[in-house]
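Everything below belongs to work05.pdb, which stores PDB, C-alpha atoms and all ligand atoms.
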ATOM      1  CA  MET A   1      84.123 181.590  62.853
ATOM      2  CA  ALA A   2      86.503 180.449  60.096
ATOM      3  CA  GLY A   3      84.840 179.861  56.753
ATOM      4  CA  ILE A   4      81.616 181.695  57.604
ATOM      5  CA  PRO A   5      81.417 185.321  56.520
ATOM      6  CA  GLU A   6      79.612 187.532  59.007
ATOM      7  CA  THR A   7      76.770 188.405  56.683
ATOM      8  CA  ILE A   8      73.152 188.615  57.713
ATOM      9  CA  VAL A   9      71.782 186.688  54.720
ATOM     10  CA  ALA A  10      73.533 183.436  53.848
ATOM     11  CA  ASN A  11      72.968 181.553  50.608
ATOM     12  CA  ILE A  12      72.715 177.793  51.055
ATOM     13  CA  LEU A  13      72.860 175.157  48.304
ATOM     14  CA  LEU A  14      71.088 171.797  48.573
ATOM     15  CA  LEU A  15      72.551 169.316  46.081
ATOM     16  CA  ASN A  16      71.242 165.853  45.324
ATOM     17  CA  GLY A  17      72.992 163.391  43.054
ATOM     18  CA  PRO A  18      71.905 160.491  40.876
ATOM     19  CA  ASN A  19      68.621 158.671  41.429
ATOM     20  CA  LEU A  20      67.559 160.978  44.256
ATOM     21  CA  ASN A  21      64.944 162.439  41.903
ATOM     22  CA  LEU A  22      63.203 159.092  42.530
ATOM     23  CA  LEU A  23      62.977 159.569  46.311
ATOM     24  CA  GLY A  24      59.594 158.397  47.565
ATOM     25  CA  THR A  25      59.130 155.822  44.785
ATOM     26  CA  ARG A  26      62.588 154.198  44.634
ATOM     27  CA  GLU A  27      63.119 151.330  47.120
ATOM     28  CA  PRO A  28      60.790 152.911  49.713
ATOM     29  CA  ASP A  29      61.833 150.286  52.278
ATOM     30  CA  VAL A  30      65.351 151.798  52.123
ATOM     31  CA  TYR A  31      64.666 155.468  51.313
ATOM     32  CA  GLY A  32      61.144 156.055  52.662
ATOM     33  CA  HIS A  33      58.053 157.594  51.086
ATOM     34  CA  GLU A  34      58.900 161.287  51.087
ATOM     35  CA  THR A  35      59.733 162.798  47.720
ATOM     36  CA  LEU A  36      62.586 165.091  46.772
ATOM     37  CA  SER A  37      60.064 167.942  46.511
ATOM     38  CA  ASP A  38      59.001 167.244  50.119
ATOM     39  CA  VAL A  39      62.670 167.357  51.196
ATOM     40  CA  GLU A  40      63.394 170.563  49.293
ATOM     41  CA  ALA A  41      60.256 172.221  50.688
ATOM     42  CA  SER A  42      61.095 171.372  54.302
ATOM     43  CA  VAL A  43      64.731 172.507  54.007
ATOM     44  CA  ARG A  44      63.616 175.678  52.196
ATOM     45  CA  ASP A  45      61.118 176.379  54.953
ATOM     46  CA  LEU A  46      63.788 176.095  57.655
ATOM     47  CA  ILE A  47      66.405 178.159  55.823
ATOM     48  CA  GLU A  48      64.047 180.892  54.626
ATOM     49  CA  SER A  49      62.307 181.209  58.016
ATOM     50  CA  ALA A  50      65.722 182.061  59.421
ATOM     51  CA  GLY A  51      66.113 184.801  56.791
ATOM     52  CA  HIS A  52      68.537 182.966  54.490
ATOM     53  CA  THR A  53      68.172 181.732  50.901
ATOM     54  CA  LEU A  54      68.128 178.214  49.475
ATOM     55  CA  ARG A  55      68.915 176.978  45.976
ATOM     56  CA  ALA A  56      68.041 173.306  45.444
ATOM     57  CA  GLU A  57      69.404 171.251  42.548
ATOM     58  CA  GLN A  58      69.409 167.581  41.587
ATOM     59  CA  SER A  59      71.210 165.863  38.746
ATOM     60  CA  ASN A  60      71.986 162.393  37.531
ATOM     61  CA  ARG A  61      75.095 163.796  35.784
ATOM     62  CA  GLU A  62      78.412 164.064  37.616
ATOM     63  CA  TYR A  63      79.593 167.112  35.639
ATOM     64  CA  GLU A  64      76.475 169.090  36.553
ATOM     65  CA  LEU A  65      77.037 168.525  40.269
ATOM     66  CA  ILE A  66      80.682 169.554  39.818
ATOM     67  CA  ASP A  67      79.633 172.714  37.950
ATOM     68  CA  TRP A  68      77.224 173.686  40.763
ATOM     69  CA  VAL A  69      79.988 173.240  43.355
ATOM     70  CA  HIS A  70      82.233 175.479  41.211
ATOM     71  CA  GLU A  71      79.458 178.112  41.028
ATOM     72  CA  ALA A  72      79.088 177.870  44.810
ATOM     73  CA  ARG A  73      82.629 179.273  45.199
ATOM     74  CA  ASP A  74      80.990 182.620  44.512
ATOM     75  CA  GLY A  75      78.554 183.494  47.285
ATOM     76  CA  ILE A  76      77.351 180.185  48.752
ATOM     77  CA  THR A  77      78.079 179.858  52.475
ATOM     78  CA  ALA A  78      77.185 176.194  52.907
ATOM     79  CA  ILE A  79      76.308 173.144  50.835
ATOM     80  CA  ILE A  80      74.134 170.234  51.943
ATOM     81  CA  VAL A  81      74.925 167.350  49.611
ATOM     82  CA  ASN A  82      73.735 163.835  49.060
ATOM     83  CA  PRO A  83      76.003 162.709  46.222
ATOM     84  CA  GLY A  84      74.160 159.364  45.833
ATOM     85  CA  ALA A  85      76.391 156.693  44.323
ATOM     86  CA  PHE A  86      78.992 159.341  43.318
ATOM     87  CA  THR A  87      79.831 159.354  47.049
ATOM     88  CA  HIS A  88      81.621 156.072  46.554
ATOM     89  CA  THR A  89      83.196 156.710  43.149
ATOM     90  CA  SER A  90      83.873 160.358  42.410
ATOM     91  CA  ILE A  91      87.321 161.791  43.019
ATOM     92  CA  ALA A  92      86.262 164.554  40.595
ATOM     93  CA  LEU A  93      83.437 165.620  42.921
ATOM     94  CA  LEU A  94      85.838 165.540  45.900
ATOM     95  CA  ASP A  95      88.246 167.769  43.962
ATOM     96  CA  ALA A  96      85.399 170.221  43.330
ATOM     97  CA  PHE A  97      84.569 170.306  47.068
ATOM     98  CA  ASN A  98      88.257 170.779  47.878
ATOM     99  CA  ALA A  99      88.180 173.885  45.662
ATOM    100  CA  TYR A 100      85.183 175.251  47.622
ATOM    101  CA  GLU A 101      85.861 177.004  50.922
ATOM    102  CA  GLY A 102      82.442 177.051  52.595
ATOM    103  CA  LEU A 103      80.752 174.535  54.855
ATOM    104  CA  VAL A 104      79.884 171.087  53.503
ATOM    105  CA  PHE A 105      77.376 168.718  55.114
ATOM    106  CA  GLU A 106      77.082 165.235  53.612
ATOM    107  CA  VAL A 107      73.732 163.480  54.008
ATOM    108  CA  HIS A 108      72.766 159.883  53.321
ATOM    109  CA  VAL A 109      69.169 158.863  53.801
ATOM    110  CA  SER A 110      70.057 155.221  54.483
ATOM    111  CA  ASN A 111      72.677 153.939  56.892
ATOM    112  CA  VAL A 112      75.323 153.169  54.293
ATOM    113  CA  HIS A 113      77.402 151.343  56.940
ATOM    114  CA  LYS A 114      74.687 148.715  57.390
ATOM    115  CA  ARG A 115      74.609 148.062  53.651
ATOM    116  CA  GLU A 116      76.977 146.595  51.047
ATOM    117  CA  ALA A 117      80.722 147.082  51.666
ATOM    118  CA  PHE A 118      81.080 149.267  48.546
ATOM    119  CA  ARG A 119      78.851 151.871  50.239
ATOM    120  CA  HIS A 120      81.072 152.121  53.329
ATOM    121  CA  HIS A 121      83.670 154.382  51.732
ATOM    122  CA  SER A 122      82.899 157.999  50.894
ATOM    123  CA  TYR A 123      85.285 160.227  48.929
ATOM    124  CA  ILE A 124      83.411 163.263  50.291
ATOM    125  CA  SER A 125      83.469 162.524  54.038
ATOM    126  CA  GLY A 126      87.108 163.576  54.483
ATOM    127  CA  ARG A 127      86.158 167.045  53.212
ATOM    128  CA  ALA A 128      82.768 167.342  54.932
ATOM    129  CA  ASP A 129      82.291 169.458  58.065
ATOM    130  CA  GLY A 130      79.534 167.090  59.177
ATOM    131  CA  ILE A 131      78.018 163.814  58.053
ATOM    132  CA  ILE A 132      74.457 162.665  58.726
ATOM    133  CA  VAL A 133      73.791 159.055  57.849
ATOM    134  CA  GLY A 134      70.795 156.774  58.333
ATOM    135  CA  CYS A 135      68.341 159.359  59.697
ATOM    136  CA  GLY A 136      66.033 159.068  56.703
ATOM    137  CA  VAL A 137      65.129 162.249  54.867
ATOM    138  CA  GLN A 138      65.171 163.999  58.256
ATOM    139  CA  GLY A 139      68.959 164.029  57.767
ATOM    140  CA  TYR A 140      68.592 166.946  55.352
ATOM    141  CA  GLU A 141      66.734 168.978  57.994
ATOM    142  CA  LEU A 142      69.314 168.082  60.629
ATOM    143  CA  ALA A 143      72.064 169.350  58.316
ATOM    144  CA  ALA A 144      70.110 172.568  57.719
ATOM    145  CA  ARG A 145      69.634 173.057  61.473
ATOM    146  CA  ARG A 146      73.359 172.556  62.067
ATOM    147  CA  ILE A 147      74.157 175.180  59.422
ATOM    148  CA  LEU A 148      71.702 177.610  61.050
ATOM    149  CA  THR A 149      73.379 177.023  64.427
ATOM    150  CA  LEU A 150      76.812 177.762  62.943
ATOM    151  CA  LEU A 151      75.490 180.882  61.181
ATOM    152  CA  ALA A 152      73.942 182.135  64.418
ATOM    153  CA  LEU A 153      77.238 181.563  66.270
ATOM    154  CA  ALA A 154      79.143 183.445  63.528
ATOM    155  CA  ASP A 155      76.638 186.300  63.676
ATOM    156  CA  GLY A 156      76.847 186.693  67.437
TER     157      GLY A 156
HETATM  158  C1  LIG B   1      72.510 157.253  49.366
HETATM  159  C2  LIG B   1      73.374 155.997  49.619
HETATM  160  C3  LIG B   1      74.181 155.645  48.381
HETATM  161  O1  LIG B   1      74.959 154.484  48.604
HETATM  162  C4  LIG B   1      73.242 155.356  47.202
HETATM  163  O2  LIG B   1      73.987 155.108  46.039
HETATM  164  C5  LIG B   1      72.250 156.449  47.000
HETATM  165  C6  LIG B   1      71.627 157.089  48.160
HETATM  166  C7  LIG B   1      71.585 157.545  50.575
HETATM  167  O3  LIG B   1      71.047 158.639  50.614
HETATM  168  O4  LIG B   1      71.400 156.689  51.452
HETATM  169  O5  LIG B   1      71.886 156.767  45.875
HETATM  170  O6  LIG B   1      73.363 158.358  49.196
END
What would you get if you wrote out this structure as structure tokens?
Ligand code: DQA
Amino acid sequence: MAGIPETIVANILLLNGPNLNLLGTREPDVYGHETLSDVEASVRDLIESAGHTLRAEQSNREYELIDWVHEARDGITAIIVNPGAFTHTSIALLDAFNAYEGLVFEVHVSNVHKREAFRHHSYISGRADGIIVGCGVQGYELAARRILTLLALADG
């Protein structure tokens, strides 16, 4: 399959943007009670049980997210990203994803389309291979499962 090298072990990157370090305590009515550590542990469990590797990073700084996407050009097969508010503002982050050739899955915990109008536009969605919105933190797992399905198809 295009974009997926036929390797047995794939390296996956889970990226979370600004304020997502506060998951579980920040506006729990919108984002739920599970923490970022809970999310990272459940995605890691899924990816590693399938024999792949996961690197998980979070930053409140745009340049750090951009740098991790640049690093991903070398050896990362797929990125699961919740860019937080940079979703709606960052052409620089879009440019970084455009320079990356692997799979990109964009996750939003809340249903951004039910919220303020400024959350309806995403700079990243036009680059993403899949978008999971409004499924709570389960969205991260759904993205991971989709990546595992694509990897299995590429392997077969
Ligand atoms: C978010 C939605 C964004 O609009 C917001 O700025 C976030 C979180 C989500 O996961 O629902 O920080 O990406």
- Task: Using all atoms listed in the file, find each residue with an atom at most 7 Å away from ligand LIG 1 (chain B) and format the answer as a ChimeraX atom specification.
- Result: /A:18-20,31,82-85,87,107-112,119,134
- Item | A:Leu54, A:Ala143, A:Leu148, A:Ala99 ranked by distance to Arg73 of chain A, top pick (using only C-alpha atoms) |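 Of the candidates, the smallest distance to Arg73 of chain A is held by A:Ala99.
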- Item | Given only C-alpha atoms as the counted atoms, nearest of A:Ala128, A:Ala50, A:Glu64, A:Leu23 to Ala152 of chain A |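 Using only C-alpha atoms, Ala152 of chain A sits closest to A:Ala50.
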Box for segment 99-108 of chain A: with edges along x, y and z, all listed atoms inside and 3 Å added on each side, what are the centre and edge lengths in Å to one decimal, as JSON?
{"center_x": 80.5, "center_y": 168.5, "center_z": 50.4, "size_x": 21.4, "size_y": 23.2, "size_z": 15.5}
- Message: Neighbouring residues of Gly75 of chain A were defined as those with any atom within 10 Å, considering all atoms listed in the file; residues of the same chain fewer than 6 positions away were excluded. Please report them as a ChimeraX atom specification.
- Response: /A:5,10-12,102
- Task: List the residues selected by the PyMOL selection byres (((chain A and resi 106) around 10) and not hetatm) in the file shown, writing them as JSON, numbers by chain.
- Result: {"A": [15, 79, 80, 81, 82, 83, 87, 104, 105, 107, 108, 122, 124, 125, 127, 128, 129, 130, 131, 132, 133, 139, 140, 143]}
- Query: Distance atom CA of His113 of chain A-atom CA of Glu57 of chain A, one decimal place?
  - Reply: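 Atom-to-atom, atom CA of His113 of chain A and atom CA of Glu57 of chain A are spaced 25.8 Å apart.
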- Task: Quick one: residues within 12 Å of (82.3, 174.9, 36.5) (file frame), counting only C-alpha atoms, please, as a ChimeraX atom specification.
- Result: /A:62-74,92-93,95-97,99-100
